[in-house]
Amino acid sequence: MNNSHFPEPQSPGAPAPRRRTVVKAAATTAVLAPLAAGALQPTAHAATGPSFSHGVASGDPLPDGVLLWTRVTPTAEAVPGSGKGPDTEVSWEVAEDKDFQRIVVRGSTTSRAATDHTVKADVRGLRPATAYWYRFRAGDVVSAVGRTRTTATHDADVSGVRFGVVSCSNWEAGYFSSYRHLAARGDLDAVLHLGDYIYEYGTGEYPEKGVRATSPAHEILTLADYRTRHGSYKTDADLLALHARHPVIAMWDDHEIANDTWAGGAENHTPGTEGDWAQRQAAAKQAYFEWMPVRPSTEGTTYRRLRFGKLADLHLLDLRSFRSQQVGVGNGDVDSPERTLTGRKQLDWLKAGLSASQTSWRLVGTSVMISPMAFGSLPAELLKPLLELLGLPSQGLAVNTDQWDGYTHDRAELLGHLQAQAIRNTVFLTGDIHMAFANEVPVKAGTYPLSGSAATEFVVTSVTSDNIDDIVGSWASPLAEGAIKLANRHIKWLDMDSHGYGVLDVTAQASQMDYYVVSDREDPAATVSWTRGYRTPSGTQKVERANAPVR
């Protein structure tokens, strides 16, 4: 990046904007009414010139900086995945006010076809715990304005930190109303996306009957496909509003690549007809790093660590790149020490980070549920010899072996580390399964609660992706919820038939997850309501119901 002069906004006599740009700008401004009127509306631009059709975003905030992102469409034919379009100089600026009267830093970079004309600016030199506004420019065209926020210094006393928490946003399954409601909040430090930001399926594959068609229409396999799919998601007005309003801290799960991804393949990948897995995986990861406000990784992974003063650190995991292949339900190999979910290097990194943590809370973003969920888990320890003879998992018959339940040796090592090192106030934050949970993470599921809990876990439901209610019908949820809670006493609450998001509030006294549900995922104007809250009081490793959302 080079320091550059940032030209003045376009004059009123400039050519009229294209209709599509005006509509998108109006939609973005409308859903972000809590910000100053017009603050996010891009400047008009010529029909033949460049555009910022995919919004702006920020992510991975630090005490002295933040990562900024946008995509330039330099010419009409340079659509996502096309590989077309000339190199284009892009300037950016960051200010302390929405009117850009107090600009603190400027710079420039170049958009190229090699990176699908996406650009990132890793801005440093900012003040900690401060809100900033930012924008980009290509020629005379100015992007929408985004707002972001830096974190507190590592030695700062922080009274509280608050995150929006989301996962599993399937374009065809519904509208992203959850994003709109989170964008309207002015009290969030960041939004945590726990994975499945996009889905790889073709139109009509999942769900079979959607409310809107995805692009491209076929299952995505190539670099051009993944770029196109990311680009289509970033035309959604609610998603654009979310990114423009808050820094987003993102990690991937499987659908950013393919369903049930593991290191050497995926359930939704057929080598004979869908090409080489390594090439598909590399293409998906390249597109992800191009299109997401995530700092590039030399190892092609998203595991990393952020900190929020002396209050909390956030450990983000990559549970797809290094894992062993999933096994079937009832297969005793889930207990094998030869199988791994995290990979040795990542697990050691996590354990070391938890041990070295000097914050009040340790938050762990895990894309799949760490708490056991099994039918018959309660008597498992009593029947352990019989289960071993039968080749069944020693912690009971797991329902979903794509979760930590399918990799019990890694889980036992991690929870044993928490217990042996007396590491308290660890909270796992989870998405993936399109349901909401409040769990105590038992040291030994078969003897819980006598064996105690090593941590707690809050699982958020999907933004739109199908859950039990959508697949089977509303009659099934109460029966399934009752059966799961009866067999898993560490699961204190679950909701199997709602869509929405969570808001996590962390203070020295407690960490509370408030669960919000949208009225109808198929309604683009869906309303939202608070449905339940659960909190973990400091030092307890327990969850308890909250009477009201944190204000």
# chains A, B, ... in the order shown; residues from 1 in each chain; ligands from 1

$ residues_around --residues "region 419-427 of chain A" --least-positions-apart "2" --cutoff "9 Å" --atoms "only C-alpha atoms" --output "PyMOL selection string"
chain A and resi 354-355+360-365+414-417+429+443+453-458+510-511+536-541

$ closest_atom_pairs --of "region 427-477 of chain A" --to "region 245-267 of chain A" --cutoff "12 Å" --atoms "only C-alpha atoms" --output "CSV"
residue,atom,partner,partner_atom,distance
A:Leu429,CA,A:Met251,CA,11.8
A:Thr430,CA,A:Asp253,CA,10.5
A:Gly431,CA,A:Asp253,CA,9.0
A:Asp432,CA,A:Asp253,CA,7.5
A:Ile433,CA,A:Asp253,CA,11.0
A:Ser465,CA,A:His255,CA,11.4

$ write_last_selection --atoms "all heavy atoms" --output "PDB file, in the first residue's frame"
ATOM      1  N   LEU A 429     -18.451 -21.505  21.634  1.00  0.00           N
ATOM      2  CA  LEU A 429     -19.478 -20.859  20.816  1.00  0.00           C
ATOM      3  C   LEU A 429     -19.597 -21.646  19.510  1.00  0.00           C
ATOM      4  O   LEU A 429     -18.612 -21.809  18.793  1.00  0.00           O
ATOM      5  CB  LEU A 429     -19.101 -19.406  20.538  1.00  0.00           C
ATOM      6  CG  LEU A 429     -18.789 -18.558  21.783  1.00  0.00           C
ATOM      7  CD1 LEU A 429     -18.242 -17.206  21.382  1.00  0.00           C
ATOM      8  CD2 LEU A 429     -20.031 -18.421  22.656  1.00  0.00           C
ATOM      9  N   THR A 430     -20.804 -22.110  19.205  1.00  0.00           N
ATOM     10  CA  THR A 430     -20.977 -23.134  18.180  1.00  0.00           C
ATOM     11  C   THR A 430     -22.141 -22.815  17.255  1.00  0.00           C
ATOM     12  O   THR A 430     -23.118 -22.181  17.659  1.00  0.00           O
ATOM     13  CB  THR A 430     -21.232 -24.498  18.862  1.00  0.00           C
ATOM     14  OG1 THR A 430     -20.208 -24.741  19.823  1.00  0.00           O
ATOM     15  CG2 THR A 430     -21.266 -25.628  17.854  1.00  0.00           C
ATOM     16  N   GLY A 431     -22.017 -23.275  15.999  1.00  0.00           N
ATOM     17  CA  GLY A 431     -23.103 -23.181  15.027  1.00  0.00           C
ATOM     18  C   GLY A 431     -23.405 -24.553  14.464  1.00  0.00           C
ATOM     19  O   GLY A 431     -23.601 -25.515  15.185  1.00  0.00           O
ATOM     20  N   ASP A 432     -23.484 -24.663  13.133  1.00  0.00           N
ATOM     21  CA  ASP A 432     -23.477 -25.910  12.363  1.00  0.00           C
ATOM     22  C   ASP A 432     -24.790 -26.681  12.321  1.00  0.00           C
ATOM     23  O   ASP A 432     -25.218 -27.088  11.243  1.00  0.00           O
ATOM     24  CB  ASP A 432     -22.374 -26.846  12.863  1.00  0.00           C
ATOM     25  CG  ASP A 432     -22.362 -28.180  12.126  1.00  0.00           C
ATOM     26  OD1 ASP A 432     -22.123 -28.163  10.904  1.00  0.00           O
ATOM     27  OD2 ASP A 432     -22.602 -29.224  12.758  1.00  0.00           O
ATOM     28  N   ILE A 433     -25.471 -26.920  13.444  1.00  0.00           N
ATOM     29  CA  ILE A 433     -26.529 -27.938  13.447  1.00  0.00           C
ATOM     30  C   ILE A 433     -27.937 -27.359  13.354  1.00  0.00           C
ATOM     31  O   ILE A 433     -28.907 -28.084  13.538  1.00  0.00           O
ATOM     32  CB  ILE A 433     -26.412 -28.852  14.685  1.00  0.00           C
ATOM     33  CG1 ILE A 433     -26.367 -28.044  15.977  1.00  0.00           C
ATOM     34  CG2 ILE A 433     -25.204 -29.742  14.574  1.00  0.00           C
ATOM     35  CD1 ILE A 433     -26.374 -28.921  17.218  1.00  0.00           C
ATOM     36  N   SER A 465     -30.924 -21.935   7.287  1.00  0.00           N
ATOM     37  CA  SER A 465     -30.818 -23.345   6.863  1.00  0.00           C
ATOM     38  C   SER A 465     -31.818 -24.234   7.593  1.00  0.00           C
ATOM     39  O   SER A 465     -32.136 -24.021   8.763  1.00  0.00           O
ATOM     40  CB  SER A 465     -29.391 -23.844   7.092  1.00  0.00           C
ATOM     41  OG  SER A 465     -28.476 -23.043   6.374  1.00  0.00           O
TER      42      SER A 465
END

$ atom_distance --atom1 "CA of Val506 (chain A)" --atom2 "CA of Val463 (chain A)"
22.4 Å

$ closest_atom_pairs --of "region 433-483 of chain A" --to "region 178-185 of chain A" --cutoff "12 Å" --atoms "only C-alpha atoms" --output "CSV"
residue,atom,partner,partner_atom,distance
A:Val460,CA,A:Ser178,CA,12.0
A:Thr461,CA,A:Ser178,CA,11.0
A:Ser462,CA,A:Ser178,CA,9.5
A:Val463,CA,A:Ser178,CA,6.3
A:Thr464,CA,A:Ser178,CA,8.8

$ residues_around --residues "region 477-493 of chain A" --least-positions-apart "3" --cutoff "9 Å" --atoms "only C-alpha atoms" --output "MDAnalysis selection string"
chainID A and resid 371:378 436:442 445:446 448:449 453 468:469 472:474 496:497 534 543:545

$ select_by_dssp --residues "region 231-290 of chain A" --states "strand (DSSP E or B)" --output "ChimeraX atom specification"
/A:248-250,261-262,265-266

$ write_last_selection --atoms "N, CA, C and O atoms" --output "compact mmCIF listing (two decimals), in the first residue's frame"
# COMPACT_ATOMS: atom_id res chain seq x y z
N VAL A 248 -16.82 -8.03 11.13
CA VAL A 248 -17.24 -9.43 11.18
C VAL A 248 -16.00 -10.31 11.37
O VAL A 248 -15.02 -10.18 10.64
N ILE A 249 -16.07 -11.17 12.36
CA ILE A 249 -15.00 -12.12 12.65
C ILE A 249 -15.51 -13.48 12.17
O ILE A 249 -16.44 -14.05 12.75
N ALA A 250 -14.93 -13.98 11.09
CA ALA A 250 -15.50 -15.15 10.43
C ALA A 250 -14.55 -16.34 10.46
O ALA A 250 -13.33 -16.20 10.45
N THR A 261 -16.98 -31.81 4.99
CA THR A 261 -15.58 -31.79 4.56
C THR A 261 -14.67 -32.41 5.61
O THR A 261 -14.85 -32.20 6.81
N TRP A 262 -13.69 -33.17 5.15
CA TRP A 262 -12.58 -33.61 5.99
C TRP A 262 -11.30 -33.39 5.19
O TRP A 262 -11.35 -32.88 4.07
N GLY A 265 -11.36 -35.21 1.64
CA GLY A 265 -12.55 -35.31 0.81
C GLY A 265 -13.75 -34.72 1.51
O GLY A 265 -13.64 -33.94 2.44
N ALA A 266 -14.93 -35.11 1.05
CA ALA A 266 -16.17 -34.63 1.63
C ALA A 266 -17.30 -35.55 1.24
O ALA A 266 -17.24 -36.25 0.21

$ residues_around --residues "region 334-342 of chain A" --least-positions-apart "6" --cutoff "8 Å" --atoms "only C-alpha atoms" --output "list in words"
Leu317, Asp318, Leu319, Arg320, Phe322, Arg323, Ser324, Val327, Pro393, Ser394, Thr401, Trp404, Asp405, Gly406, Tyr407, Thr408, His409 and Asp410 of chain A

$ write_last_selection --atoms "all heavy atoms" --output "short mmCIF file (atom, residue, chain, number, x, y, z; two decimals), in the first residue's frame"
data_model
loop_
_atom_site.label_atom_id
_atom_site.label_comp_id
_atom_site.auth_asym_id
_atom_site.auth_seq_id
_atom_site.Cartn_x
_atom_site.Cartn_y
_atom_site.Cartn_z
N LEU A 317 -11.34 -21.80 15.67
CA LEU A 317 -10.82 -23.09 15.23
C LEU A 317 -11.16 -23.37 13.76
O LEU A 317 -12.16 -22.87 13.24
CB LEU A 317 -11.38 -24.22 16.10
CG LEU A 317 -11.12 -24.11 17.61
CD1 LEU A 317 -11.66 -25.35 18.32
CD2 LEU A 317 -9.64 -23.93 17.90
N ASP A 318 -10.33 -24.17 13.14
CA ASP A 318 -10.58 -24.71 11.80
C ASP A 318 -10.75 -26.21 11.97
O ASP A 318 -9.78 -26.94 12.17
CB ASP A 318 -9.40 -24.38 10.88
CG ASP A 318 -9.53 -25.03 9.50
OD1 ASP A 318 -10.52 -25.75 9.26
OD2 ASP A 318 -8.63 -24.81 8.66
N LEU A 319 -11.99 -26.67 11.92
CA LEU A 319 -12.27 -28.08 12.18
C LEU A 319 -12.59 -28.86 10.90
O LEU A 319 -13.27 -29.89 10.93
CB LEU A 319 -13.42 -28.20 13.18
CG LEU A 319 -13.15 -27.56 14.54
CD1 LEU A 319 -14.31 -27.80 15.50
CD2 LEU A 319 -11.84 -28.05 15.14
N ARG A 320 -12.07 -28.38 9.76
CA ARG A 320 -12.28 -29.07 8.49
C ARG A 320 -10.98 -29.44 7.79
O ARG A 320 -10.91 -30.46 7.10
CB ARG A 320 -13.13 -28.19 7.56
CG ARG A 320 -14.55 -27.98 8.07
CD ARG A 320 -15.32 -29.28 8.13
NE ARG A 320 -16.58 -29.14 8.87
CZ ARG A 320 -17.44 -30.12 9.06
NH1 ARG A 320 -17.18 -31.32 8.58
NH2 ARG A 320 -18.54 -29.93 9.76
N PHE A 322 -7.98 -30.40 8.84
CA PHE A 322 -7.03 -31.36 9.38
C PHE A 322 -7.70 -32.63 9.91
O PHE A 322 -7.02 -33.52 10.41
CB PHE A 322 -6.22 -30.71 10.51
CG PHE A 322 -5.71 -29.34 10.16
CD1 PHE A 322 -6.29 -28.20 10.69
CD2 PHE A 322 -4.67 -29.18 9.25
CE1 PHE A 322 -5.84 -26.93 10.36
CE2 PHE A 322 -4.21 -27.92 8.90
CZ PHE A 322 -4.80 -26.79 9.46
N ARG A 323 -9.00 -32.72 9.82
CA ARG A 323 -9.71 -33.82 10.48
C ARG A 323 -9.63 -35.13 9.69
O ARG A 323 -9.49 -35.16 8.47
CB ARG A 323 -11.18 -33.45 10.70
CG ARG A 323 -12.01 -33.38 9.46
CD ARG A 323 -13.49 -33.60 9.76
NE ARG A 323 -14.13 -32.51 10.50
CZ ARG A 323 -15.28 -32.65 11.13
NH1 ARG A 323 -15.93 -33.80 11.10
NH2 ARG A 323 -15.82 -31.62 11.76
N SER A 324 -9.78 -36.22 10.44
CA SER A 324 -9.92 -37.55 9.84
C SER A 324 -11.33 -37.69 9.26
O SER A 324 -12.24 -36.94 9.63
CB SER A 324 -9.69 -38.63 10.89
OG SER A 324 -8.46 -38.45 11.56
N VAL A 327 -16.91 -41.28 10.54
CA VAL A 327 -17.34 -42.68 10.54
C VAL A 327 -18.83 -42.71 10.80
O VAL A 327 -19.43 -41.73 11.23
CB VAL A 327 -16.59 -43.51 11.59
CG1 VAL A 327 -15.10 -43.55 11.28
CG2 VAL A 327 -16.84 -42.97 13.00
N PRO A 393 -19.29 -46.71 20.65
CA PRO A 393 -18.57 -45.63 21.34
C PRO A 393 -18.74 -45.73 22.84
O PRO A 393 -19.82 -46.03 23.34
CB PRO A 393 -19.23 -44.36 20.78
CG PRO A 393 -19.84 -44.77 19.48
CD PRO A 393 -20.26 -46.19 19.67
N SER A 394 -17.67 -45.46 23.57
CA SER A 394 -17.69 -45.61 25.03
C SER A 394 -18.55 -44.58 25.71
O SER A 394 -18.92 -44.73 26.86
CB SER A 394 -16.26 -45.51 25.58
OG SER A 394 -15.72 -44.24 25.32
N THR A 401 -21.79 -37.90 14.22
CA THR A 401 -20.35 -38.13 14.33
C THR A 401 -19.53 -37.14 13.52
O THR A 401 -18.30 -37.25 13.46
CB THR A 401 -20.00 -39.56 13.87
OG1 THR A 401 -20.47 -39.77 12.54
CG2 THR A 401 -20.62 -40.59 14.80
N TRP A 404 -17.78 -33.21 17.56
CA TRP A 404 -16.74 -33.74 18.43
C TRP A 404 -17.09 -35.15 18.91
O TRP A 404 -16.20 -35.91 19.30
CB TRP A 404 -16.52 -32.81 19.63
CG TRP A 404 -15.84 -31.51 19.33
CD1 TRP A 404 -16.38 -30.41 18.75
CD2 TRP A 404 -14.47 -31.17 19.60
NE1 TRP A 404 -15.46 -29.40 18.65
CE2 TRP A 404 -14.27 -29.83 19.17
CE3 TRP A 404 -13.40 -31.85 20.17
CZ2 TRP A 404 -13.04 -29.18 19.29
CZ3 TRP A 404 -12.18 -31.20 20.30
CH2 TRP A 404 -12.00 -29.88 19.85
N ASP A 405 -18.37 -35.52 18.87
CA ASP A 405 -18.78 -36.88 19.22
C ASP A 405 -18.10 -37.93 18.34
O ASP A 405 -17.97 -39.08 18.75
CB ASP A 405 -20.30 -37.02 19.06
CG ASP A 405 -21.05 -36.64 20.33
OD1 ASP A 405 -20.44 -36.68 21.41
OD2 ASP A 405 -22.25 -36.31 20.23
N GLY A 406 -17.70 -37.55 17.15
CA GLY A 406 -17.03 -38.50 16.27
C GLY A 406 -15.53 -38.55 16.46
O GLY A 406 -14.84 -39.33 15.78
N TYR A 407 -15.03 -37.75 17.41
CA TYR A 407 -13.57 -37.62 17.63
C TYR A 407 -13.35 -37.47 19.14
O TYR A 407 -12.85 -36.46 19.62
CB TYR A 407 -13.01 -36.41 16.87
CG TYR A 407 -13.37 -36.44 15.39
CD1 TYR A 407 -14.59 -35.94 14.94
CD2 TYR A 407 -12.49 -36.99 14.46
CE1 TYR A 407 -14.93 -35.98 13.60
CE2 TYR A 407 -12.83 -37.03 13.11
CZ TYR A 407 -14.04 -36.53 12.68
OH TYR A 407 -14.37 -36.58 11.36
N THR A 408 -13.74 -38.49 19.89
CA THR A 408 -13.79 -38.36 21.35
C THR A 408 -12.40 -38.26 21.98
O THR A 408 -12.28 -37.72 23.09
CB THR A 408 -14.55 -39.54 21.96
OG1 THR A 408 -13.85 -40.76 21.70
CG2 THR A 408 -15.96 -39.62 21.39
N HIS A 409 -11.37 -38.76 21.32
CA HIS A 409 -10.03 -38.68 21.92
C HIS A 409 -9.55 -37.23 21.97
O HIS A 409 -9.01 -36.78 22.99
CB HIS A 409 -9.04 -39.54 21.13
CG HIS A 409 -7.72 -39.71 21.82
ND1 HIS A 409 -6.66 -38.86 21.63
CD2 HIS A 409 -7.30 -40.64 22.73
CE1 HIS A 409 -5.64 -39.25 22.37
NE2 HIS A 409 -6.00 -40.32 23.05
N ASP A 410 -9.75 -36.48 20.89
CA ASP A 410 -9.40 -35.06 20.90
C ASP A 410 -10.18 -34.31 21.98
O ASP A 410 -9.64 -33.47 22.71
CB ASP A 410 -9.70 -34.42 19.54
CG ASP A 410 -8.58 -34.63 18.53
OD1 ASP A 410 -7.58 -35.30 18.87
OD2 ASP A 410 -8.70 -34.12 17.41
#

$ select_by_dssp --residues "region 296-426 of chain A" --states "helix (DSSP H, G or I)" --output "PyMOL selection string"
chain A and resi 332-335+344-356+384-390+404-406+408-420

$ residues_around --residues "Val94 (chain A)" --least-positions-apart "5" --cutoff "9 Å" --atoms "only C-alpha atoms" --output "list in words"
Phe100, Arg102, Ile103, Val104, Val105, Arg106, Val123, Tyr132, Trp133, Tyr134 and Arg135 of chain A

$ write_last_selection --atoms "N, CA and C atoms" --output "CSV table (one decimal), in the first residue's frame"
chain,number,residue,atom,x,y,z
A,100,PHE,N,-16.2,12.3,7.3
A,100,PHE,CA,-14.9,12.3,6.8
A,100,PHE,C,-14.2,13.7,6.9
A,102,ARG,N,-12.5,14.3,9.8
A,102,ARG,CA,-11.3,14.0,10.6
A,102,ARG,C,-10.7,12.7,10.1
A,103,ILE,N,-10.1,12.8,8.9
A,103,ILE,CA,-9.4,11.6,8.3
A,103,ILE,C,-8.1,11.3,9.0
A,104,VAL,N,-7.9,10.0,9.4
A,104,VAL,CA,-6.7,9.7,10.2
A,104,VAL,C,-5.7,8.9,9.4
A,105,VAL,N,-6.1,8.2,8.3
A,105,VAL,CA,-5.2,7.5,7.5
A,105,VAL,C,-5.8,7.3,6.1
A,106,ARG,N,-4.9,7.3,5.1
A,106,ARG,CA,-5.2,7.0,3.7
A,106,ARG,C,-4.3,6.0,3.2
A,123,VAL,N,-5.3,-2.0,7.8
A,123,VAL,CA,-5.0,-0.7,8.3
A,123,VAL,C,-4.4,-0.8,9.8
A,132,TYR,N,-14.6,3.9,13.9
A,132,TYR,CA,-14.1,4.6,12.7
A,132,TYR,C,-15.1,4.4,11.6
A,133,TRP,N,-15.0,5.3,10.6
A,133,TRP,CA,-15.7,5.1,9.3
A,133,TRP,C,-14.7,5.0,8.2
A,134,TYR,N,-15.1,4.3,7.2
A,134,TYR,CA,-14.1,4.0,6.1
A,134,TYR,C,-14.9,4.0,4.7
A,135,ARG,N,-14.1,4.2,3.7
A,135,ARG,CA,-14.7,4.1,2.3
A,135,ARG,C,-13.6,3.9,1.3

$ closest_residue --among "A:Gly353, A:Gly65, A:Gly195, A:Gly231" --to "Ala78 (chain A)" --atoms "only C-alpha atoms"
A:Gly231

$ atom_distance --atom1 "CA of Ala546 (chain A)" --atom2 "CA of Val528 (chain A)"
18.6 Å

$ atom_distance --atom1 "CA of Leu192 (chain A)" --atom2 "CA of Val211 (chain A)"
25.7 Å

$ residues_around --residues "Tyr233 (chain A)" --least-positions-apart "5" --cutoff "8 Å" --atoms "only C-alpha atoms" --output "list in words"
Trp171, Ile198 and Leu239 of chain A

$ write_last_selection --atoms "C-alpha atoms" --output "PDB file, in the first residue's frame"
ATOM      1  CA  TRP A 171     -29.402 -18.313   0.291  1.00  0.00           C
ATOM      2  CA  ILE A 198     -22.284 -19.785   1.853  1.00  0.00           C
ATOM      3  CA  LEU A 239     -25.790  -9.011   4.352  1.00  0.00           C
TER       4      LEU A 239
END

$ residues_around --residues "Thr88 (chain A)" --least-positions-apart "3" --cutoff "9 Å" --atoms "only C-alpha atoms" --output "PDB file with N, CA, C and O atoms, in the first residue's frame"
ATOM      1  N   PRO A  50     -16.205   2.101 -13.171  1.00  0.00           N
ATOM      2  CA  PRO A  50     -16.188   1.048 -12.142  1.00  0.00           C
ATOM      3  C   PRO A  50     -17.321   1.223 -11.150  1.00  0.00           C
ATOM      4  O   PRO A  50     -17.941   2.289 -11.053  1.00  0.00           O
ATOM      5  N   VAL A  72     -14.124  -4.303  -6.404  1.00  0.00           N
ATOM      6  CA  VAL A  72     -14.364  -3.360  -7.480  1.00  0.00           C
ATOM      7  C   VAL A  72     -14.826  -4.135  -8.713  1.00  0.00           C
ATOM      8  O   VAL A  72     -14.255  -5.185  -9.038  1.00  0.00           O
ATOM      9  N   PRO A  74     -14.548  -3.318 -12.286  1.00  0.00           N
ATOM     10  CA  PRO A  74     -13.943  -2.256 -13.101  1.00  0.00           C
ATOM     11  C   PRO A  74     -14.675  -1.998 -14.400  1.00  0.00           C
ATOM     12  O   PRO A  74     -14.718  -0.866 -14.893  1.00  0.00           O
ATOM     13  N   GLY A  85     -11.329  -8.004 -16.716  1.00  0.00           N
ATOM     14  CA  GLY A  85     -11.262  -6.662 -16.173  1.00  0.00           C
ATOM     15  C   GLY A  85      -9.853  -6.179 -15.963  1.00  0.00           C
ATOM     16  O   GLY A  85      -8.961  -6.957 -15.589  1.00  0.00           O
ATOM     17  N   THR A 109      -4.287   0.675  -3.062  1.00  0.00           N
ATOM     18  CA  THR A 109      -3.875  -0.651  -3.494  1.00  0.00           C
ATOM     19  C   THR A 109      -4.432  -0.865  -4.899  1.00  0.00           C
ATOM     20  O   THR A 109      -5.006   0.056  -5.482  1.00  0.00           O
ATOM     21  N   THR A 110      -4.294  -2.048  -5.436  1.00  0.00           N
ATOM     22  CA  THR A 110      -4.735  -2.310  -6.802  1.00  0.00           C
ATOM     23  C   THR A 110      -5.604  -3.556  -6.841  1.00  0.00           C
ATOM     24  O   THR A 110      -5.245  -4.590  -6.268  1.00  0.00           O
ATOM     25  N   SER A 111      -6.746  -3.443  -7.501  1.00  0.00           N
ATOM     26  CA  SER A 111      -7.577  -4.632  -7.729  1.00  0.00           C
ATOM     27  C   SER A 111      -7.139  -5.289  -9.026  1.00  0.00           C
ATOM     28  O   SER A 111      -6.877  -4.610 -10.031  1.00  0.00           O
ATOM     29  N   ARG A 112      -7.065  -6.622  -8.999  1.00  0.00           N
ATOM     30  CA  ARG A 112      -6.617  -7.377 -10.167  1.00  0.00           C
ATOM     31  C   ARG A 112      -7.534  -8.582 -10.393  1.00  0.00           C
ATOM     32  O   ARG A 112      -8.118  -9.123  -9.447  1.00  0.00           O
ATOM     33  N   HIS A 117     -10.666  -9.136  -8.375  1.00  0.00           N
ATOM     34  CA  HIS A 117     -10.869  -7.702  -8.137  1.00  0.00           C
ATOM     35  C   HIS A 117     -11.324  -7.404  -6.703  1.00  0.00           C
ATOM     36  O   HIS A 117     -11.892  -6.340  -6.442  1.00  0.00           O
ATOM     37  N   ALA A 138     -12.555   4.305  -6.578  1.00  0.00           N
ATOM     38  CA  ALA A 138     -11.917   3.887  -7.827  1.00  0.00           C
ATOM     39  C   ALA A 138     -12.228   4.955  -8.867  1.00  0.00           C
ATOM     40  O   ALA A 138     -13.389   5.108  -9.268  1.00  0.00           O
ATOM     41  N   GLY A 139     -11.220   5.710  -9.239  1.00  0.00           N
ATOM     42  CA  GLY A 139     -11.460   6.847 -10.115  1.00  0.00           C
ATOM     43  C   GLY A 139     -12.314   7.865  -9.397  1.00  0.00           C
ATOM     44  O   GLY A 139     -11.992   8.314  -8.288  1.00  0.00           O
TER      45      GLY A 139
END

$ closest_residue --among "A:Asp99, A:Asp333, A:Asp187, A:Glu172" --to "Ser215 (chain A)" --atoms "only C-alpha atoms"
A:Glu172

$ closest_residue --among "A:Glu274, A:Pro207, A:Gly330, A:His269" --to "Ile471 (chain A)" --atoms "only C-alpha atoms"
A:Pro207

$ decode --residues "region 294-298 of chain A" --atoms "all heavy atoms" --output "tab-separated table (two decimals), in the first residue's frame"
chain	number	residue	atom	x	y	z
A	294	VAL	N	-11.12	-11.55	6.26
A	294	VAL	CA	-10.31	-12.40	7.12
A	294	VAL	C	-8.86	-12.24	6.70
A	294	VAL	O	-8.56	-12.24	5.50
A	294	VAL	CB	-10.75	-13.88	7.00
A	294	VAL	CG1	-9.80	-14.79	7.75
A	294	VAL	CG2	-12.18	-14.05	7.49
A	295	ARG	N	-7.96	-12.10	7.65
A	295	ARG	CA	-6.54	-11.96	7.28
A	295	ARG	C	-6.05	-13.22	6.60
A	295	ARG	O	-6.32	-14.33	7.06
A	295	ARG	CB	-5.70	-11.66	8.53
A	295	ARG	CG	-5.86	-10.24	9.00
A	295	ARG	CD	-4.83	-9.83	10.05
A	295	ARG	NE	-5.01	-8.43	10.36
A	295	ARG	CZ	-5.91	-7.96	11.23
A	295	ARG	NH1	-6.68	-8.81	11.87
A	295	ARG	NH2	-6.03	-6.67	11.44
A	296	PRO	N	-5.32	-13.08	5.50
A	296	PRO	CA	-4.83	-14.26	4.78
A	296	PRO	C	-3.94	-15.12	5.66
A	296	PRO	O	-3.22	-14.62	6.53
A	296	PRO	CB	-4.03	-13.64	3.62
A	296	PRO	CG	-4.55	-12.26	3.48
A	296	PRO	CD	-4.94	-11.82	4.86
A	297	SER	N	-4.02	-16.41	5.44
A	297	SER	CA	-3.20	-17.35	6.20
A	297	SER	C	-2.26	-18.08	5.26
A	297	SER	O	-2.67	-18.55	4.19
A	297	SER	CB	-4.09	-18.37	6.92
A	297	SER	OG	-3.32	-19.42	7.47
A	298	THR	N	-1.01	-18.16	5.64
A	298	THR	CA	-0.03	-18.86	4.79
A	298	THR	C	-0.27	-20.36	4.78
A	298	THR	O	0.19	-21.06	3.89
A	298	THR	CB	1.40	-18.58	5.27
A	298	THR	OG1	1.52	-18.96	6.65
A	298	THR	CG2	1.73	-17.09	5.14
